[in-house]
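Colleague: My structure is stored as coords-v7.txt, with compact mmCIF, C-alpha atoms and all ligand atoms.
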# COMPACT_ATOMS: atom_id res chain seq x y z
CA MET A 1 73.93 100.02 -5.40
CA LYS A 2 71.56 102.11 -7.51
CA LYS A 3 68.09 102.56 -6.04
CA TRP A 4 66.32 100.53 -8.70
CA GLU A 5 68.75 97.69 -8.20
CA VAL A 6 67.38 97.13 -4.71
CA ASN A 7 64.13 96.00 -6.30
CA ILE A 8 65.61 93.43 -8.64
CA ARG A 9 64.67 89.90 -7.70
CA ARG A 10 67.76 87.88 -6.88
CA VAL A 11 67.59 84.22 -7.78
CA VAL A 12 70.07 81.39 -8.10
CA PRO A 13 69.10 79.84 -11.44
CA TYR A 14 69.07 76.20 -12.47
CA VAL A 15 72.15 75.36 -14.52
CA PRO A 16 71.33 73.18 -17.52
CA GLY A 17 73.89 70.76 -18.93
CA GLU A 18 76.17 72.18 -21.61
CA GLN A 19 75.19 72.06 -25.27
CA PRO A 20 78.67 71.94 -26.82
CA LYS A 21 79.04 72.31 -30.56
CA GLY A 22 81.45 70.38 -32.71
CA GLU A 23 81.79 67.38 -34.96
CA LYS A 24 83.52 64.90 -32.72
CA ILE A 25 81.62 65.65 -29.56
CA LEU A 26 79.93 62.77 -27.80
CA LYS A 27 77.09 64.22 -25.78
CA LEU A 28 76.09 62.05 -22.86
CA ASN A 29 75.32 64.87 -20.43
CA THR A 30 71.64 65.84 -20.70
CA ASN A 31 69.79 62.54 -21.12
CA GLU A 32 68.74 63.23 -24.67
CA ASN A 33 67.70 60.30 -26.82
CA PRO A 34 70.38 59.24 -29.34
CA TYR A 35 67.77 58.21 -31.91
CA PRO A 36 65.77 60.62 -34.08
CA PRO A 37 62.05 61.26 -33.50
CA ALA A 38 59.52 59.01 -35.28
CA PRO A 39 59.60 59.17 -39.10
CA GLY A 40 56.08 60.65 -39.15
CA VAL A 41 57.45 63.70 -37.35
CA ARG A 42 59.82 64.38 -40.22
CA ARG A 43 57.04 63.95 -42.75
CA ALA A 44 54.73 66.30 -40.88
CA LEU A 45 57.53 68.85 -40.61
CA GLN A 46 58.18 68.73 -44.34
CA GLU A 47 54.51 69.11 -45.15
CA MET A 48 53.92 71.89 -42.66
CA ASP A 49 52.23 74.96 -44.13
CA TYR A 50 54.36 77.87 -43.02
CA GLY A 51 51.51 80.24 -43.94
CA ARG A 52 49.78 79.07 -40.75
CA PHE A 53 52.46 80.75 -38.68
CA ARG A 54 50.73 84.05 -39.42
CA LYS A 55 48.09 83.09 -36.88
CA TYR A 56 48.26 82.41 -33.17
CA PRO A 57 48.36 78.74 -32.24
CA ASP A 58 45.37 77.07 -30.59
CA PRO A 59 45.52 78.22 -26.95
CA ALA A 60 43.79 75.01 -25.83
CA ALA A 61 46.32 72.91 -27.78
CA GLU A 62 43.47 70.57 -28.72
CA GLU A 63 45.27 68.56 -31.37
CA LEU A 64 47.92 67.44 -28.90
CA VAL A 65 45.67 67.25 -25.85
CA ASN A 66 43.15 65.02 -27.65
CA CYS A 67 45.87 62.81 -28.94
CA LEU A 68 47.42 62.36 -25.47
CA ALA A 69 44.02 61.83 -23.85
CA ASP A 70 43.19 59.04 -26.32
CA TYR A 71 46.62 57.47 -25.97
CA HIS A 72 46.41 57.39 -22.18
CA HIS A 73 42.67 56.55 -22.08
CA VAL A 74 41.63 59.57 -20.06
CA GLU A 75 39.13 62.35 -20.66
CA ARG A 76 40.40 65.40 -22.46
CA ASN A 77 39.81 67.69 -19.52
CA ARG A 78 42.34 65.70 -17.52
CA VAL A 79 45.31 66.62 -19.72
CA PHE A 80 47.43 69.77 -19.55
CA VAL A 81 50.27 70.49 -21.99
CA GLY A 82 53.20 72.89 -21.77
CA VAL A 83 56.56 73.96 -23.12
CA GLY A 84 58.47 70.95 -21.87
CA SER A 85 57.75 69.43 -18.49
CA ASP A 86 59.78 72.25 -16.94
CA ASP A 87 57.00 74.62 -17.94
CA VAL A 88 54.32 72.21 -16.72
CA LEU A 89 56.13 71.72 -13.41
CA ALA A 90 56.64 75.46 -12.91
CA MET A 91 52.90 76.02 -13.48
CA ALA A 92 52.14 73.20 -11.05
CA PHE A 93 54.37 74.74 -8.37
CA LEU A 94 52.54 78.06 -8.82
CA SER A 95 49.12 76.40 -8.80
CA PHE A 96 49.38 73.85 -6.01
CA PHE A 97 52.07 74.73 -3.52
CA ASN A 98 50.62 77.71 -1.73
CA SER A 99 50.82 76.39 1.81
CA GLU A 100 52.81 77.71 4.74
CA LYS A 101 53.88 74.15 5.34
CA PRO A 102 56.97 72.92 3.50
CA LEU A 103 56.98 71.25 0.13
CA LEU A 104 58.85 67.93 0.41
CA PHE A 105 61.20 66.46 -2.18
CA PRO A 106 64.28 64.20 -2.03
CA ASP A 107 67.64 65.82 -1.23
CA VAL A 108 69.21 64.14 -4.23
CA SER A 109 66.77 64.81 -7.04
CA TYR A 110 65.98 67.10 -9.95
CA SER A 111 67.68 70.31 -8.90
CA PHE A 112 65.05 72.51 -10.55
CA TYR A 113 62.56 71.78 -7.71
CA LYS A 114 64.58 73.86 -5.30
CA VAL A 115 64.98 76.65 -7.86
CA TRP A 116 61.21 76.95 -8.44
CA ALA A 117 60.52 76.80 -4.72
CA GLU A 118 62.95 79.69 -4.20
CA LEU A 119 61.60 81.65 -7.17
CA PHE A 120 57.99 81.37 -6.02
CA GLY A 121 58.75 81.76 -2.32
CA ILE A 122 57.51 78.26 -1.46
CA PRO A 123 58.83 76.88 1.84
CA TYR A 124 60.48 73.49 1.27
CA GLU A 125 62.45 70.72 2.87
CA ALA A 126 64.82 68.38 1.11
CA VAL A 127 64.22 64.91 2.55
CA PRO A 128 67.40 62.80 2.63
CA LEU A 129 67.48 59.62 0.56
CA ASP A 130 68.82 56.62 2.48
CA GLU A 131 72.51 55.57 2.20
CA THR A 132 71.75 53.56 -0.92
CA PHE A 133 70.02 56.59 -2.50
CA ARG A 134 66.52 55.19 -2.07
CA ILE A 135 63.41 57.19 -1.25
CA ARG A 136 61.90 56.05 2.07
CA PRO A 137 58.16 56.59 1.72
CA ARG A 138 57.70 56.83 5.51
CA ASP A 139 59.87 59.98 5.59
CA TYR A 140 57.05 61.77 3.79
CA ASP A 141 54.43 60.97 6.42
CA ARG A 142 54.41 64.38 7.99
CA GLU A 143 52.84 67.78 7.71
CA ASN A 144 53.59 69.26 4.32
CA GLY A 145 52.31 71.64 1.70
CA GLY A 146 52.97 69.23 -1.13
CA VAL A 147 55.19 66.38 -2.28
CA ILE A 148 57.13 66.01 -5.52
CA PHE A 149 59.61 63.40 -6.68
CA PRO A 150 60.76 61.97 -9.99
CA ASN A 151 60.11 58.30 -10.65
CA PRO A 152 62.58 56.91 -11.62
CA ASN A 153 64.49 59.44 -9.56
CA ALA A 154 67.10 61.60 -11.25
CA PRO A 155 70.05 61.50 -11.14
CA THR A 156 70.04 58.12 -9.34
CA GLY A 157 67.89 56.27 -11.86
CA LEU A 158 66.26 54.29 -9.04
CA LEU A 159 62.66 53.30 -9.52
CA LEU A 160 60.04 53.23 -6.81
CA GLY A 161 57.50 50.42 -7.25
CA LEU A 162 53.91 51.37 -7.91
CA GLU A 163 52.86 50.07 -4.47
CA GLN A 164 55.30 52.44 -2.81
CA VAL A 165 54.20 55.37 -4.94
CA GLU A 166 50.59 54.63 -4.03
CA ASP A 167 51.58 54.35 -0.39
CA MET A 168 53.06 57.87 -0.54
CA VAL A 169 49.99 59.30 -2.27
CA ARG A 170 47.66 57.55 0.19
CA HIS A 171 49.49 59.02 3.17
CA ASN A 172 49.44 62.53 1.72
CA GLN A 173 45.85 63.07 0.67
CA ASP A 174 45.74 66.57 2.16
CA SER A 175 48.37 67.82 -0.31
CA VAL A 176 48.97 67.64 -4.01
CA VAL A 177 51.48 64.91 -4.84
CA ILE A 178 53.36 65.24 -8.14
CA VAL A 179 55.13 62.28 -9.69
CA ASP A 180 57.59 63.52 -12.32
CA GLU A 181 57.75 60.63 -14.78
CA ALA A 182 60.37 62.03 -17.17
CA TYR A 183 62.00 58.57 -17.38
CA ILE A 184 59.14 56.15 -16.68
CA ASP A 185 59.10 54.75 -20.24
CA PHE A 186 62.54 53.22 -19.75
CA GLY A 187 61.23 50.50 -17.49
CA GLY A 188 58.81 51.62 -14.79
CA ARG A 189 55.13 51.22 -14.07
CA SER A 190 53.37 54.56 -14.28
CA ALA A 191 51.37 56.20 -11.53
CA LEU A 192 48.73 56.96 -14.17
CA GLU A 193 47.06 53.76 -12.98
CA LEU A 194 46.38 55.41 -9.63
CA LEU A 195 44.62 58.46 -11.00
CA GLY A 196 41.14 57.02 -10.67
CA ARG A 197 41.63 56.69 -6.92
CA TYR A 198 43.43 59.91 -5.95
CA GLU A 199 42.26 63.37 -6.96
CA ASN A 200 45.36 64.94 -5.40
CA LEU A 201 47.78 63.12 -7.71
CA LEU A 202 49.38 64.77 -10.75
CA VAL A 203 51.56 62.78 -13.14
CA VAL A 204 53.95 64.83 -15.28
CA ARG A 205 55.59 63.56 -18.46
CA THR A 206 57.88 64.87 -21.19
CA PHE A 207 58.62 64.29 -24.87
CA SER A 208 62.27 65.17 -24.24
CA LYS A 209 63.67 61.80 -23.24
CA ALA A 210 61.85 58.71 -24.50
CA ARG A 211 60.27 60.56 -27.45
CA SER A 212 63.50 62.11 -28.73
CA MET A 213 62.01 65.60 -28.91
CA ALA A 214 63.87 67.72 -26.34
CA GLY A 215 64.30 70.48 -28.92
CA MET A 216 60.55 70.77 -29.50
CA ARG A 217 59.80 71.48 -25.83
CA ILE A 218 56.72 69.40 -25.11
CA GLY A 219 55.56 68.25 -21.69
CA PHE A 220 52.22 67.33 -20.19
CA ALA A 221 50.41 66.50 -17.01
CA ILE A 222 47.50 64.17 -16.31
CA GLY A 223 45.41 64.48 -13.18
CA SER A 224 41.93 65.06 -11.83
CA ARG A 225 39.66 67.63 -13.51
CA GLU A 226 40.13 69.96 -10.54
CA LEU A 227 43.93 69.92 -10.79
CA ILE A 228 43.90 70.38 -14.55
CA ARG A 229 41.41 73.24 -14.31
CA ALA A 230 43.65 74.99 -11.76
CA LEU A 231 46.65 74.57 -14.06
CA HIS A 232 44.74 76.10 -16.96
CA ASP A 233 43.63 79.05 -14.84
CA VAL A 234 47.23 79.80 -13.90
CA LYS A 235 48.47 79.31 -17.45
CA TYR A 236 45.86 81.70 -18.84
CA SER A 237 46.90 84.23 -16.21
CA PHE A 238 50.43 84.08 -17.51
CA ASN A 239 50.61 83.35 -21.24
CA SER A 240 47.74 81.91 -23.28
CA TYR A 241 49.91 80.74 -26.15
CA THR A 242 52.60 78.75 -24.47
CA MET A 243 53.02 76.11 -27.15
CA ASN A 244 53.91 76.90 -30.72
CA MET A 245 52.18 75.45 -33.75
CA PRO A 246 54.96 73.08 -34.88
CA SER A 247 55.29 71.57 -31.40
CA LEU A 248 51.57 70.90 -31.21
CA ALA A 249 51.48 69.20 -34.60
CA LEU A 250 54.75 67.30 -34.35
CA GLY A 251 54.07 66.14 -30.81
CA ALA A 252 50.76 64.66 -31.93
CA GLU A 253 52.54 62.97 -34.82
CA SER A 254 55.03 61.31 -32.47
CA VAL A 255 52.28 59.82 -30.33
CA LYS A 256 50.79 58.11 -33.40
CA ASP A 257 53.82 55.87 -33.92
CA GLU A 258 53.78 53.41 -31.06
CA ALA A 259 55.94 50.82 -32.82
CA TYR A 260 58.82 53.22 -33.38
CA PHE A 261 58.55 54.48 -29.79
CA ARG A 262 58.77 50.94 -28.39
CA LYS A 263 61.62 50.04 -30.72
CA THR A 264 63.89 52.95 -29.74
CA ILE A 265 63.16 52.50 -26.04
CA GLY A 266 63.96 48.81 -26.39
CA LYS A 267 67.32 49.63 -27.92
CA ILE A 268 68.19 52.09 -25.16
CA VAL A 269 67.20 49.65 -22.42
CA ASP A 270 69.29 46.98 -24.09
CA THR A 271 72.31 49.28 -24.32
CA ARG A 272 71.78 50.33 -20.70
CA GLU A 273 71.86 46.75 -19.44
CA LYS A 274 75.04 46.04 -21.41
CA ALA A 275 76.55 49.27 -20.06
CA LYS A 276 75.89 48.16 -16.49
CA LYS A 277 77.99 45.05 -17.03
CA ARG A 278 80.75 47.03 -18.65
CA PHE A 279 80.84 49.69 -15.92
CA GLY A 280 80.95 46.93 -13.35
CA SER A 281 83.90 45.22 -15.00
CA LEU A 282 85.79 48.53 -15.08
CA GLY A 283 85.44 48.96 -11.32
CA PHE A 284 82.49 51.36 -11.25
CA SER A 285 79.60 51.04 -8.86
CA PHE A 286 76.16 52.52 -9.49
CA PRO A 287 72.54 52.43 -8.38
CA ASP A 288 70.52 50.05 -10.56
CA SER A 289 69.11 52.58 -13.02
CA MET A 290 65.77 52.13 -14.74
CA ALA A 291 66.21 55.36 -16.70
CA ASN A 292 68.29 56.34 -19.76
CA PHE A 293 71.33 57.27 -17.70
CA ILE A 294 73.56 55.70 -15.06
CA LEU A 295 75.04 57.41 -12.00
CA VAL A 296 78.50 55.91 -11.66
CA LYS A 297 81.31 56.15 -9.15
CA HIS A 298 84.77 54.68 -9.55
CA GLU A 299 86.38 53.04 -6.56
CA LYS A 300 89.82 54.48 -7.33
CA VAL A 301 89.53 57.56 -9.53
CA PRO A 302 87.75 60.75 -8.38
CA ALA A 303 84.74 61.73 -10.49
CA GLU A 304 85.98 65.25 -11.14
CA GLU A 305 89.24 63.92 -12.57
CA LEU A 306 87.39 61.54 -14.87
CA PHE A 307 84.97 64.28 -15.87
CA GLU A 308 87.82 66.50 -16.99
CA ALA A 309 89.66 63.72 -18.79
CA LEU A 310 86.46 62.79 -20.65
CA GLN A 311 85.77 66.37 -21.60
CA LYS A 312 89.26 66.77 -23.05
CA GLU A 313 88.41 63.80 -25.20
CA GLY A 314 85.18 65.48 -26.38
CA ILE A 315 83.01 63.20 -24.26
CA TYR A 316 80.52 65.20 -22.22
CA VAL A 317 78.91 63.67 -19.14
CA ARG A 318 77.28 65.39 -16.16
CA TYR A 319 79.11 66.15 -12.96
CA PHE A 320 77.19 67.67 -10.04
CA LYS A 321 79.44 69.40 -7.59
CA GLN A 322 77.05 69.05 -4.68
CA PRO A 323 76.74 67.17 -1.40
CA ARG A 324 76.45 63.38 -1.79
CA LEU A 325 77.23 63.52 -5.52
CA GLU A 326 80.82 64.83 -5.55
CA ASN A 327 82.14 61.46 -6.52
CA TYR A 328 79.57 60.52 -9.13
CA LEU A 329 79.12 61.08 -12.83
CA ARG A 330 75.76 60.85 -14.51
CA ILE A 331 76.18 59.31 -17.92
CA THR A 332 73.40 59.25 -20.52
CA ILE A 333 72.87 56.04 -22.47
CA GLY A 334 73.72 56.66 -26.12
CA THR A 335 73.81 54.22 -29.01
CA ASP A 336 75.92 51.04 -28.76
CA GLU A 337 78.61 52.72 -30.88
CA GLU A 338 78.66 55.82 -28.70
CA MET A 339 78.95 53.75 -25.55
CA GLU A 340 81.77 51.80 -27.14
CA ARG A 341 83.70 55.04 -27.67
CA LEU A 342 83.11 55.94 -24.01
CA PHE A 343 84.19 52.52 -22.72
CA ALA A 344 87.25 52.37 -24.96
CA PHE A 345 88.45 55.67 -23.52
CA LEU A 346 87.61 54.72 -19.91
CA GLU A 347 89.39 51.42 -20.24
CA ASP A 348 92.58 53.03 -21.56
CA TYR A 349 92.45 55.81 -19.01
CA LEU A 350 91.93 53.50 -16.07
CA LYS A 351 94.70 51.16 -17.22
CA GLU A 352 97.13 54.04 -17.63
CA HIS A 353 96.32 55.19 -14.15
CA GLY A 354 96.65 51.76 -12.65
CA ALA A 355 93.00 51.83 -11.64
CA VAL A 356 91.96 48.69 -13.45
CA GLN A 357 93.63 45.41 -14.14
CA ALA A 358 95.46 45.28 -17.46
CA TRP A 359 94.89 41.91 -19.08
C1 LIG B 401 64.57 66.22 -18.20
C2 LIG B 401 63.73 66.34 -16.98
C3 LIG B 401 62.67 67.23 -16.89
C4 LIG B 401 62.41 68.31 -17.91
O1 LIG B 401 62.18 67.93 -19.13
P1 LIG B 401 61.66 68.92 -20.25
O2 LIG B 401 62.70 68.87 -21.30
O3 LIG B 401 61.49 70.30 -19.68
O4 LIG B 401 60.37 68.33 -20.64
C5 LIG B 401 61.86 67.22 -15.79
N1 LIG B 401 62.11 66.39 -14.77
C6 LIG B 401 63.14 65.56 -14.77
C7 LIG B 401 63.38 64.67 -13.61
C8 LIG B 401 63.99 65.51 -15.87
O5 LIG B 401 65.05 64.72 -15.87
As a first step, turn the structure in this file into C-alpha cells.
Modeller:
Amino acid sequence: MKKWEVNIRRVVPYVPGEQPKGEKILKLNTNENPYPPAPGVRRALQEMDYGRFRKYPDPAAEELVNCLADYHHVERNRVFVGVGSDDVLAMAFLSFFNSEKPLLFPDVSYSFYKVWAELFGIPYEAVPLDETFRIRPRDYDRENGGVIFPNPNAPTGLLLGLEQVEDMVRHNQDSVVIVDEAYIDFGGRSALELLGRYENLLVVRTFSKARSMAGMRIGFAIGSRELIRALHDVKYSFNSYTMNMPSLALGAESVKDEAYFRKTIGKIVDTREKAKKRFGSLGFSFPDSMANFILVKHEKVPAEELFEALQKEGIYVRYFKQPRLENYLRITIGTDEEMERLFAFLEDYLKEHGAVQAW
C-alpha cells in the first residue's frame, strides 16, 4: 500500500437501485412515481429564463421554503430544504447525532441510515423488528443518542399509527427523533401534527415519490426553530448553494397543484390495493403496505430466482440480499397497465413451474 493510501477513508457505500436504459424496460425497482409531475411544472420549465443560470441560486431557497411553509401551515423558519431527502437526512445525522450513545433504527429499514452512521462515525444499534416486521415502540425506550425510522417503514411498507409515533417521541425527549416520511402521502397520518408538542421531533419529506420528481432532487424537513437553525448552520458550513435554481422553482410549482397531487396518489393507492389481491391469488404473502411498493414473498419460489426471471423479461424489481429479506422482493406500484404486464408474466412463470394452480 502506498503511504497516502493509508489515509484514504474507507466506506461501504449505499447501493442505489439500478437505472436501466431501454425501451421495453419496466422499472419497478426504486419506488418512482409512474405518473409525470404536475402540468404546472412543465409550464414553468418551458418558461424558465436560462439567463438566470448565470447567477448563484438563492442560498436560503426562499421561494420553495415559503411555499412549503404555507402549504404545511408552519412558520418559515421551521422549514429546511435540501437536495433530496438523502441530503436533508445526511445533514440531520451530522447536526443531531453527536452522542456517545447509540443511534437507534430498525434492523430492516432504509439501508442508508447505517451508511451515514458509518461515514460520520456515529455509534448505532439496529433494533430488530418483530416477526411480522413491525416496529415495537417499547424497544426504543432505552438510552440512545437519537432515533430514526421511516413511516411507513421501507421496505416493509408497514405504517405506524400516529399514537405509536407520538409514544416513541414522548419516551425519547432527551434525543432528536427523526421520522422519515418519504411515503406518508400514500395513506398515513403525518407526524407533522405532533410538532407543536415536541421540540426534539424532525419530520423529513421528499418530492421523489408522491410528487413524481425524483430527478429534481428535492427534500425537506420541518421541525422546531432550534432544529432548523442547527441544520442551516451545518449546511452553511458545507455548501451554501445546495439546491439549483430549476429545482427551487419547479418544486414550488408542484406544491401549487393540490388537485393533481391527490389524483395521482389516488390512482397509485387504487392500483396498490388491486395488486394486493392479485399477489395474494398468485400465492404471495406480504406485509400490508401503505406505501407505493409491496414487499412480497412467494411460498414456493425463491425470491432470487424470481428476481432473475423478471430481469430477463426486462422487469426490474428490488432484491435485497440481506438478513431477513433474502426471500422477499420489493415491487414498486406502477400504472395499472404496468402491473398487468408484471402479473401476466408472474402468472405464466408460476404456472410453468407448478407453483400456482393452472385453471
Ligand atoms: C426514497 C427514500 C428516501 C430518499 O429520497 P430522496 O430521493 O433522496 O428524496 C429517503 N428515505 C426513504 C425511506 C426512502 O425510501
Colleague: Report as CSV: every residue of stretch 224-320 of chain A with an atom at most 8 Å from stretch 62-76 of chain A, its closest pair of atoms, and their distance in Å to one decimal, counting all atoms listed in the file, with rows sorted by chain and ascending residue number.
Modeller:
residue,atom,partner,partner_atom,distance
A:Leu248,CA,A:Leu64,CA,5.5
A:Ala249,CA,A:Leu64,CA,6.9
A:Gly251,CA,A:Leu64,CA,6.6
A:Ala252,CA,A:Leu64,CA,5.0
A:Val255,CA,A:Cys67,CA,7.2
Colleague: Taking a cut-off of 9 Å and counting only C-alpha atoms and all ligand atoms, can you build a table that, for each residue of chain A near ligand LIG 401 (chain B), reports the nearest atom pair and how far apart they are in Å (one decimal), sorted by chain then residue number, as a tab-separated table?
Modeller:
residue	atom	partner	partner_atom	distance
A:Thr30	CA	B:LIG401	C1	7.5
A:Asn31	CA	B:LIG401	C1	7.0
A:Glu32	CA	B:LIG401	C1	8.3
A:Gly82	CA	B:LIG401	O4	8.6
A:Val83	CA	B:LIG401	O3	7.0
A:Gly84	CA	B:LIG401	O4	3.5
A:Ser85	CA	B:LIG401	O4	3.6
A:Asp86	CA	B:LIG401	O3	3.8
A:Asp87	CA	B:LIG401	O3	6.5
A:Val88	CA	B:LIG401	O3	8.0
A:Leu89	CA	B:LIG401	C5	7.7
A:Ser109	CA	B:LIG401	C7	7.4
A:Tyr110	CA	B:LIG401	C7	5.1
A:Ser111	CA	B:LIG401	C7	8.5
A:Phe112	CA	B:LIG401	N1	8.0
A:Tyr113	CA	B:LIG401	N1	8.9
A:Phe149	CA	B:LIG401	C7	8.0
A:Pro150	CA	B:LIG401	C7	5.2
A:Asn151	CA	B:LIG401	C7	7.7
A:Pro152	CA	B:LIG401	C7	8.1
A:Asn153	CA	B:LIG401	C7	6.7
A:Ala154	CA	B:LIG401	C7	5.4
A:Pro155	CA	B:LIG401	O5	7.6
A:Asp180	CA	B:LIG401	N1	5.9
A:Glu181	CA	B:LIG401	C7	7.0
A:Ala182	CA	B:LIG401	C6	5.1
A:Tyr183	CA	B:LIG401	O5	7.0
A:Val204	CA	B:LIG401	C5	8.3
A:Arg205	CA	B:LIG401	O4	7.1
A:Thr206	CA	B:LIG401	O4	4.3
A:Phe207	CA	B:LIG401	O4	6.1
A:Ser208	CA	B:LIG401	O2	4.7
A:Lys209	CA	B:LIG401	C1	6.8
A:Met213	CA	B:LIG401	O2	8.3
A:Ala214	CA	B:LIG401	O2	5.3
A:Gly215	CA	B:LIG401	O2	8.0
A:Met216	CA	B:LIG401	O2	8.7
A:Arg217	CA	B:LIG401	O2	6.0
A:Ile218	CA	B:LIG401	O4	5.9
A:Gly219	CA	B:LIG401	O4	4.9
A:Phe220	CA	B:LIG401	O4	8.2
Colleague: Measuring between all atoms listed in the file, which one of A:Tyr35, A:Phe307, A:Tyr124, A:Phe284 shows the shortest distance to A:Val356?
Modeller: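 Among A:Tyr35, A:Phe307, A:Tyr124, A:Phe284, it is A:Phe284 that comes nearest to A:Val356.
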Colleague: Of the residues A:Asp185, A:Glu313, A:Asp141, A:Glu258, which is the one nearest to A:Asn292, using all atoms listed in the file?
Modeller: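 Of A:Asp185, A:Glu313, A:Asp141, A:Glu258, the one nearest A:Asn292 is A:Asp185, counting all atoms listed in the file.
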Colleague: Rank A:Val317, A:Met243, A:Ile265, A:Met339 by their smallest atom-to-atom distance to A:Val81, using all atoms listed in the file, and report the top residue only.
Modeller: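 That would be A:Met243, the residue with the smallest distance to A:Val81.
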Colleague: I'd like the neighbourhood of A:Gln46 as a list in words, where a residue qualifies if any of its atoms comes within 12 Å (using all atoms listed in the file), though same-chain residues fewer than 4 positions away should be ignored.
Modeller: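 Skipping anything fewer than 4 positions along the chain leaves Pro39, Gly40, Val41, Arg42, Tyr50, Pro246, Ala249 and Leu250 of chain A.
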Colleague: Kindly indicate which residue among A:Asn144, A:Thr335, A:Ser289, A:Gln322 lies nearest to A:Phe186, using all atoms listed in the file for the distances.
Modeller: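 Smallest separation from A:Phe186 among the options: A:Ser289.
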Colleague: From the list A:Leu28, A:Ala191, A:Ile268, A:Met91, which residue is nearest A:Gln164 when using all atoms listed in the file?
Modeller: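 Distance minimum relative to A:Gln164 lands on A:Ala191.
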Colleague: Atom CA of A:Gly51 and atom CA of A:Met245 are how many Å apart?
Modeller: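 Rounded to one decimal, the two atoms are 11.3 Å apart.
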Colleague: For the atom pair atom CA of A:Asn29 and atom CA of A:Tyr316, what is the interatomic distance in Å to one decimal place?
Modeller: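 Atom CA of A:Tyr316 lies at a distance of 5.5 Å from atom CA of A:Asn29.
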Colleague: For a cut-off of 12 Å around (76.3, 53.2, -32.7), file coordinates, pick out all residues using only C-alpha atoms and list them as a PDB file with C-alpha atoms, in the coordinates of the input.
Modeller:
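Output file point_2.pdb is given in full below:
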ATOM      1  CA  LEU A  26      79.930  62.770 -27.800  1.00  0.00           C
ATOM      2  CA  PRO A  34      70.380  59.240 -29.340  1.00  0.00           C
ATOM      3  CA  TYR A  35      67.770  58.210 -31.910  1.00  0.00           C
ATOM      4  CA  LYS A 267      67.320  49.630 -27.920  1.00  0.00           C
ATOM      5  CA  ILE A 268      68.190  52.090 -25.160  1.00  0.00           C
ATOM      6  CA  THR A 271      72.310  49.280 -24.320  1.00  0.00           C
ATOM      7  CA  ILE A 333      72.870  56.040 -22.470  1.00  0.00           C
ATOM      8  CA  GLY A 334      73.720  56.660 -26.120  1.00  0.00           C
ATOM      9  CA  THR A 335      73.810  54.220 -29.010  1.00  0.00           C
ATOM     10  CA  ASP A 336      75.920  51.040 -28.760  1.00  0.00           C
ATOM     11  CA  GLU A 337      78.610  52.720 -30.880  1.00  0.00           C
ATOM     12  CA  GLU A 338      78.660  55.820 -28.700  1.00  0.00           C
ATOM     13  CA  MET A 339      78.950  53.750 -25.550  1.00  0.00           C
ATOM     14  CA  GLU A 340      81.770  51.800 -27.140  1.00  0.00           C
ATOM     15  CA  ARG A 341      83.700  55.040 -27.670  1.00  0.00           C
ATOM     16  CA  LEU A 342      83.110  55.940 -24.010  1.00  0.00           C
TER      17      LEU A 342
END
Colleague: Which polymer residues, protein or nucleic acid, are no farther than 10 Å from (62.9, 71.2, -4.3), counting all atoms listed in the file, as a list of chain:residue names?
Modeller: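 The answer, in the requested form, is A:Pro102, A:Leu103, A:Leu104, A:Phe105, A:Pro106, A:Asp107, A:Val108, A:Ser109, A:Tyr110, A:Ser111, A:Phe112, A:Tyr113, A:Lys114, A:Val115, A:Trp116, A:Ala117, A:Glu118, A:Ile122, A:Pro123, A:Tyr124, A:Glu125, A:Ala126, A:Val127, A:Val147, A:Ile148, A:Phe149.
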Colleague: Point out the residue among A:Ile331, A:Tyr319, A:Gly280, A:Pro59 with the least atom-to-atom distance to A:Ser240, counting all atoms listed in the file.
Modeller: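 Comparing A:Ile331, A:Tyr319, A:Gly280, A:Pro59 against A:Ser240, the winner is A:Pro59.
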Colleague: If you measure from atom CA of A:Arg189 to atom CA of A:Leu162, what distance in Å do you get, rounded to one decimal?
Modeller: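 Here the two named atoms are 6.3 Å from each other.
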Colleague: When you look at A:Asn77 with a cut-off of 10 Å (counting all atoms listed in the file), what residues show up, excluding the ones that are within fewer than 5 positions of it in the same chain? I need them as a PDB file with C-alpha atoms, in the coordinates of the input.
Modeller:
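See around00.pdb below for the written result:
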ATOM      1  CA  VAL A  65      45.670  67.250 -25.850  1.00  0.00           C
ATOM      2  CA  ASN A  66      43.150  65.020 -27.650  1.00  0.00           C
ATOM      3  CA  ALA A  69      44.020  61.830 -23.850  1.00  0.00           C
ATOM      4  CA  ILE A 222      47.500  64.170 -16.310  1.00  0.00           C
ATOM      5  CA  GLY A 223      45.410  64.480 -13.180  1.00  0.00           C
ATOM      6  CA  SER A 224      41.930  65.060 -11.830  1.00  0.00           C
ATOM      7  CA  ARG A 225      39.660  67.630 -13.510  1.00  0.00           C
ATOM      8  CA  GLU A 226      40.130  69.960 -10.540  1.00  0.00           C
ATOM      9  CA  LEU A 227      43.930  69.920 -10.790  1.00  0.00           C
ATOM     10  CA  ILE A 228      43.900  70.380 -14.550  1.00  0.00           C
ATOM     11  CA  ARG A 229      41.410  73.240 -14.310  1.00  0.00           C
TER      12      ARG A 229
END
Colleague: Just add N, CA and C atoms to stretch 175-181 of chain A and send it as a PDB file, keeping the file's coordinate frame.
Modeller:
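Everything below was put into rebuild07.pdb:
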ATOM      1  N   SER A 175      47.511  66.969   0.537  1.00  0.00           N
ATOM      2  CA  SER A 175      48.370  67.820  -0.310  1.00  0.00           C
ATOM      3  C   SER A 175      48.326  67.299  -1.734  1.00  0.00           C
ATOM      4  N   VAL A 176      48.798  68.122  -2.642  1.00  0.00           N
ATOM      5  CA  VAL A 176      48.970  67.640  -4.010  1.00  0.00           C
ATOM      6  C   VAL A 176      50.310  66.894  -4.071  1.00  0.00           C
ATOM      7  N   VAL A 177      50.259  65.702  -4.652  1.00  0.00           N
ATOM      8  CA  VAL A 177      51.480  64.910  -4.840  1.00  0.00           C
ATOM      9  C   VAL A 177      51.769  64.853  -6.336  1.00  0.00           C
ATOM     10  N   ILE A 178      52.977  65.271  -6.721  1.00  0.00           N
ATOM     11  CA  ILE A 178      53.360  65.240  -8.140  1.00  0.00           C
ATOM     12  C   ILE A 178      54.406  64.148  -8.355  1.00  0.00           C
ATOM     13  N   VAL A 179      54.133  63.266  -9.296  1.00  0.00           N
ATOM     14  CA  VAL A 179      55.130  62.280  -9.690  1.00  0.00           C
ATOM     15  C   VAL A 179      55.656  62.708 -11.060  1.00  0.00           C
ATOM     16  N   ASP A 180      56.935  63.039 -11.098  1.00  0.00           N
ATOM     17  CA  ASP A 180      57.590  63.520 -12.320  1.00  0.00           C
ATOM     18  C   ASP A 180      58.135  62.293 -13.060  1.00  0.00           C
ATOM     19  N   GLU A 181      57.410  61.869 -14.085  1.00  0.00           N
ATOM     20  CA  GLU A 181      57.750  60.630 -14.780  1.00  0.00           C
ATOM     21  C   GLU A 181      58.556  60.862 -16.077  1.00  0.00           C
TER      22      GLU A 181
END
